[in-house]
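What's in data28.txt: compact mmCIF, C-alpha atoms
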```txt
# COMPACT_ATOMS: atom_id res chain seq x y z
CA MET A 20 23.52 -134.57 -170.41
CA GLY A 21 25.27 -132.34 -167.87
CA PHE A 22 22.19 -132.43 -165.64
CA LEU A 23 22.14 -136.24 -165.70
CA VAL A 24 25.82 -136.39 -164.74
CA LEU A 25 25.25 -133.95 -161.87
CA GLY A 26 22.18 -135.86 -160.70
CA SER A 27 24.06 -139.17 -160.76
CA LEU A 28 26.94 -137.62 -158.82
CA VAL A 29 24.55 -136.26 -156.17
CA VAL A 30 22.87 -139.66 -155.72
CA CYS A 31 26.26 -141.41 -155.45
CA LEU A 32 27.50 -138.87 -152.87
CA ASN A 33 24.35 -139.32 -150.80
CA ILE A 34 24.65 -143.11 -150.81
CA LEU A 35 28.38 -143.02 -150.02
CA PHE A 36 28.17 -140.58 -147.13
CA SER A 37 25.04 -142.23 -145.74
CA VAL A 38 27.00 -145.49 -145.49
CA VAL A 39 29.99 -143.68 -143.97
CA GLY A 40 27.72 -141.84 -141.54
CA SER A 41 26.02 -145.07 -140.43
CA TYR A 42 29.40 -146.74 -139.86
CA PHE A 43 30.65 -143.72 -137.92
CA GLU A 44 27.52 -143.74 -135.76
CA GLU A 45 28.13 -147.39 -134.87
CA GLN A 46 31.74 -146.67 -133.87
CA LEU A 47 31.06 -143.45 -131.97
CA ALA A 48 30.12 -144.94 -128.58
CA PRO A 49 33.13 -147.32 -128.43
CA LEU A 50 35.47 -144.49 -129.47
CA TYR A 51 34.00 -142.27 -126.75
CA ARG A 52 34.64 -144.90 -124.10
CA GLU A 53 38.25 -145.14 -125.27
CA TRP A 54 39.16 -141.52 -126.10
CA GLY A 55 36.62 -139.48 -124.18
CA THR A 56 36.23 -135.80 -125.09
CA VAL A 57 38.72 -136.11 -127.98
CA THR A 58 36.08 -138.16 -129.79
CA LEU A 59 33.59 -135.30 -129.45
CA ILE A 60 36.09 -132.78 -130.86
CA LEU A 61 36.99 -134.99 -133.83
CA ALA A 62 33.34 -135.79 -134.52
CA ALA A 63 32.45 -132.09 -134.42
CA GLY A 64 35.20 -131.42 -136.97
CA ALA A 65 33.86 -134.18 -139.24
CA LEU A 66 30.33 -132.80 -138.86
CA PHE A 67 31.52 -129.31 -139.80
CA LEU A 68 33.17 -130.57 -143.00
CA LEU A 69 30.17 -132.66 -144.02
CA LEU A 70 27.76 -129.78 -143.45
CA VAL A 71 29.91 -127.40 -145.51
CA ILE A 72 30.17 -129.72 -148.53
CA PRO A 73 27.09 -129.37 -150.80
CA PHE A 74 24.86 -132.42 -151.41
CA VAL A 75 26.46 -134.37 -148.55
CA PRO A 76 24.22 -135.61 -145.69
CA GLY A 77 25.76 -134.74 -142.33
CA MET A 78 22.83 -135.02 -139.96
CA GLU A 79 23.51 -138.71 -139.26
CA ILE A 80 26.66 -137.72 -137.40
CA GLY A 81 24.85 -134.84 -135.72
CA LEU A 82 22.10 -137.12 -134.43
CA ALA A 83 24.67 -139.68 -133.26
CA LEU A 84 26.59 -136.98 -131.35
CA MET A 85 23.42 -135.85 -129.58
CA MET A 86 22.46 -139.40 -128.66
CA VAL A 87 25.91 -140.43 -127.39
CA PHE A 88 26.99 -137.21 -125.64
CA GLY A 89 23.63 -135.96 -124.38
CA ALA A 90 23.31 -132.25 -123.55
CA LYS A 91 26.99 -131.64 -124.31
CA GLY A 92 26.54 -133.19 -127.75
CA VAL A 93 23.42 -131.10 -128.40
CA ALA A 94 25.34 -127.87 -127.67
CA VAL A 95 28.28 -128.93 -129.86
CA VAL A 96 26.03 -129.94 -132.77
CA TYR A 97 24.11 -126.66 -132.58
CA VAL A 98 27.22 -124.45 -132.55
CA THR A 99 28.95 -126.54 -135.23
CA THR A 100 25.90 -126.35 -137.51
CA VAL A 101 25.63 -122.57 -137.18
CA LEU A 102 29.36 -122.18 -137.91
CA ALA A 103 29.23 -124.55 -140.90
CA LEU A 104 26.23 -122.86 -142.51
CA SER A 105 27.78 -119.45 -141.90
CA PHE A 106 31.01 -120.63 -143.53
CA SER A 107 29.11 -121.93 -146.57
CA PHE A 108 27.31 -118.60 -146.90
CA LEU A 109 30.56 -116.61 -146.70
CA ILE A 110 32.19 -118.87 -149.30
CA GLY A 111 29.25 -118.16 -151.58
CA LYS A 112 29.73 -114.42 -151.07
CA LEU A 113 33.39 -114.73 -152.09
CA VAL A 114 32.82 -116.86 -155.21
CA PRO A 115 32.59 -114.67 -158.35
CA PHE A 116 29.08 -114.78 -159.83
CA ARG A 117 30.62 -115.47 -163.24
CA PHE A 118 31.31 -118.97 -161.88
CA VAL A 119 27.54 -119.50 -161.67
CA VAL A 120 27.19 -118.36 -165.28
CA TRP A 121 29.93 -120.77 -166.34
CA PHE A 122 28.44 -123.68 -164.37
CA LEU A 123 24.98 -123.16 -165.86
CA GLY A 124 26.60 -123.19 -169.29
CA CYS A 125 28.30 -126.52 -168.49
CA LEU A 126 24.89 -127.96 -167.65
CA HIS A 127 23.49 -126.56 -170.93
CA PHE A 128 20.96 -124.42 -169.05
CA HIS A 129 21.32 -121.68 -171.65
CA ARG A 130 18.26 -119.66 -170.66
CA ALA A 131 19.28 -119.69 -167.01
CA LYS A 132 22.84 -118.82 -168.05
CA ARG A 133 21.68 -115.74 -169.96
CA PHE A 134 19.53 -114.61 -167.02
CA ALA A 135 22.40 -115.14 -164.55
CA ALA A 136 24.72 -113.12 -166.79
CA ARG A 137 22.11 -110.35 -166.90
CA ILE A 138 21.76 -110.05 -163.11
CA SER A 139 25.46 -110.59 -162.30
CA SER A 140 26.26 -106.87 -162.28
CA LEU A 141 23.16 -105.73 -160.39
CA GLU A 142 22.97 -104.64 -156.76
CA GLN A 143 20.92 -106.63 -154.24
CA VAL A 144 17.65 -104.70 -154.56
CA GLU A 145 17.80 -104.54 -158.38
CA ARG A 146 18.69 -108.22 -158.62
CA LEU A 147 15.80 -109.20 -156.37
CA GLU A 148 13.31 -107.07 -158.32
CA LEU A 149 14.41 -108.55 -161.64
CA MET A 150 14.21 -112.10 -160.29
CA MET A 151 10.66 -111.49 -159.06
CA GLU A 152 9.67 -109.87 -162.34
CA HIS A 153 10.91 -112.76 -164.50
CA ALA A 154 9.95 -115.63 -162.19
CA PRO A 155 8.62 -118.56 -164.29
CA VAL A 156 6.34 -119.79 -161.48
CA LYS A 157 3.80 -117.56 -159.73
CA ALA A 158 4.82 -118.77 -156.26
CA ILE A 159 8.45 -117.72 -156.71
CA PRO A 160 7.91 -113.95 -156.17
CA TYR A 161 6.16 -114.78 -152.88
CA LEU A 162 9.05 -117.04 -151.84
CA LEU A 163 11.59 -114.38 -152.78
CA LYS A 164 9.69 -111.78 -150.78
CA HIS A 165 9.72 -114.12 -147.77
CA ARG A 166 13.10 -115.61 -148.64
CA TYR A 167 14.34 -115.93 -145.05
CA VAL A 168 11.30 -118.00 -144.08
CA ALA A 169 11.71 -120.08 -147.24
CA LEU A 170 15.36 -120.63 -146.27
CA ALA A 171 14.34 -121.92 -142.83
CA ILE A 172 11.84 -124.33 -144.43
CA LEU A 173 14.45 -125.65 -146.87
CA LEU A 174 16.91 -126.29 -144.05
CA ASN A 175 14.32 -128.38 -142.21
CA ILE A 176 13.02 -130.43 -145.15
CA PRO A 177 13.86 -134.14 -144.59
CA GLY A 178 16.35 -135.35 -147.19
CA ASN A 179 17.36 -131.84 -148.22
CA SER A 180 20.79 -133.18 -149.17
CA ILE A 181 19.21 -134.00 -152.56
CA ILE A 182 18.70 -130.26 -153.18
CA GLY A 183 22.12 -129.30 -151.82
CA GLY A 184 21.94 -129.93 -148.11
CA GLY A 185 22.77 -127.27 -145.55
CA GLY A 186 26.09 -126.51 -147.23
CA GLY A 187 24.59 -126.18 -150.70
CA ILE A 188 21.69 -124.06 -149.46
CA GLY A 189 24.06 -121.76 -147.58
CA LEU A 190 26.38 -121.55 -150.58
CA LEU A 191 23.54 -120.60 -152.93
CA ALA A 192 22.23 -118.06 -150.43
CA GLY A 193 25.63 -116.38 -150.43
CA LEU A 194 26.01 -116.60 -154.20
CA SER A 195 22.57 -115.12 -154.84
CA ASN A 196 23.46 -111.85 -153.09
CA ILE A 197 19.84 -111.41 -151.97
CA TYR A 198 20.49 -112.27 -148.32
CA GLN A 199 22.07 -110.06 -145.69
CA TYR A 200 24.43 -112.01 -143.45
CA PRO A 201 23.10 -110.76 -140.05
CA LYS A 202 19.52 -111.74 -140.99
CA TYR A 203 20.76 -114.99 -142.54
CA LEU A 204 22.66 -115.86 -139.35
CA LEU A 205 19.63 -115.08 -137.18
CA MET A 206 17.32 -117.20 -139.33
CA VAL A 207 19.75 -120.12 -139.41
CA SER A 208 20.19 -119.94 -135.63
CA LEU A 209 16.41 -120.14 -135.20
CA ALA A 210 15.76 -122.66 -137.98
CA ILE A 211 18.03 -125.38 -136.60
CA THR A 212 16.75 -125.20 -133.01
CA PRO A 213 13.76 -127.64 -133.17
CA ILE A 214 15.76 -130.90 -133.22
CA PRO A 215 18.27 -129.85 -130.49
CA LEU A 216 15.35 -128.65 -128.33
CA LEU A 217 13.56 -131.98 -128.81
CA PHE A 218 16.70 -133.84 -127.74
CA LEU A 219 17.13 -131.62 -124.69
CA ALA A 220 13.47 -132.14 -123.73
CA ASN A 221 13.89 -135.90 -124.14
CA ILE A 222 17.06 -135.88 -122.00
CA HIS A 223 15.22 -133.93 -119.29
CA PHE A 224 12.24 -136.29 -119.47
CA MET A 225 14.44 -139.37 -119.19
CA SER A 226 16.30 -137.89 -116.20
CA ASP A 227 12.98 -137.33 -114.40
CA PHE A 228 11.75 -140.83 -115.14
CA PRO A 229 14.75 -143.20 -114.99
CA PHE A 230 14.19 -146.85 -115.79
```
What would you get if you wrote out this structure as structure tokens?
Amino acid sequence: MGFLVLGSLVVCLNILFSVVGSYFEEQLAPLYREWGTVTLILAAGALFLLLVIPFVPGMEIGLALMMVFGAKGVAVVYVTTVLALSFSFLIGKLVPFRFVVWFLGCLHFHRAKRFAARISSLEQVERLELMMEHAPVKAIPYLLKHRYVALAILLNIPGNSIIGGGGGIGLLAGLSNIYQYPKYLLMVSLAITPIPLLFLANIHFMSDFPF
């Protein structure tokens, strides 16, 4: 029952913020013409909040910023995304792991709750070893061993807001206590570069071949 409620809430949040994001994208260009750089600052703030909140799609605003503001928008979106995902990770590090145990209990995931309670007091290496040892799927130990690569893939999966979005993924990474922040930051910085680079390449191409 708890899982169904959570799933319904996630779907509703995705629909709501997709509509809000589409409306914001339509209004961004007119606002820029009227307010100038202030629009970019406010939009970056909105993007930061949306990326931090789990299960909320924020890329619509990010894409709109890059399209409207060009190279300046690409730089702002990149920096804002890195900051937002870092913030989510640090929040996860600060949240007591007993909250995870409680939340799993609310969803009636009793087996997962017992396992979470078991690993809650373990250090990073011990926790990782136990998770690999008791993994229910054979692929999971491999993913845990290459967890930073798996993180990069999750961040780039289309529609990842259904599995938590950037904010949810960052939050879980921090909560899990199996990621080191410097390596996490480096991987995030690399993982989010493809789309900004594509936009920059497109901007350069269009400047060379104006119509």
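Minimum atom-to-atom distance to A:Phe108, evaluated using all atoms listed in the file, belongs to A:Ile197 out of A:Ala169, A:Leu163, A:Ile197, A:Ala136.
Here the question is which of A:Leu162, A:Ala83, A:Leu66, A:Leu194 gets nearest to A:Ile110 using all atoms listed in the file, and that residue is A:Leu194.
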Compare A:Val57, A:Leu69, A:Leu217, A:Leu173 by their minimum atom-to-atom distance to A:Gly89, counting all atoms listed in the file, and give me the closest one. A:Leu217
Would you list the residues near (18.7, -124.0, -133.5) (no more than 12 Å away, in the coordinates of the file, using only C-alpha atoms) as a VMD selection string? chain A and resid 93 to 102 104 171 174 to 175 204 to 219
re atom CA of A:Lys91 and atom CA of A:Ile172: distance 26.2 Å
Out of A:Val87, A:Pro73, A:Thr58, A:Arg130, which residue has the shortest atom-to-atom distance to A:Gly185 when counting all atoms listed in the file? A:Pro73
Could you check which of A:Gly184, A:Gly189, A:Lys202, A:Arg133 is closest to A:Gly111, using only C-alpha atoms? A:Gly189
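The two atoms in question, atom CA of A:Met85 and atom CA of A:Glu53, are spaced 18.0 Å apart.
Separating atom CA of A:Gly92 from atom CA of A:Pro49 is a distance of 15.6 Å.
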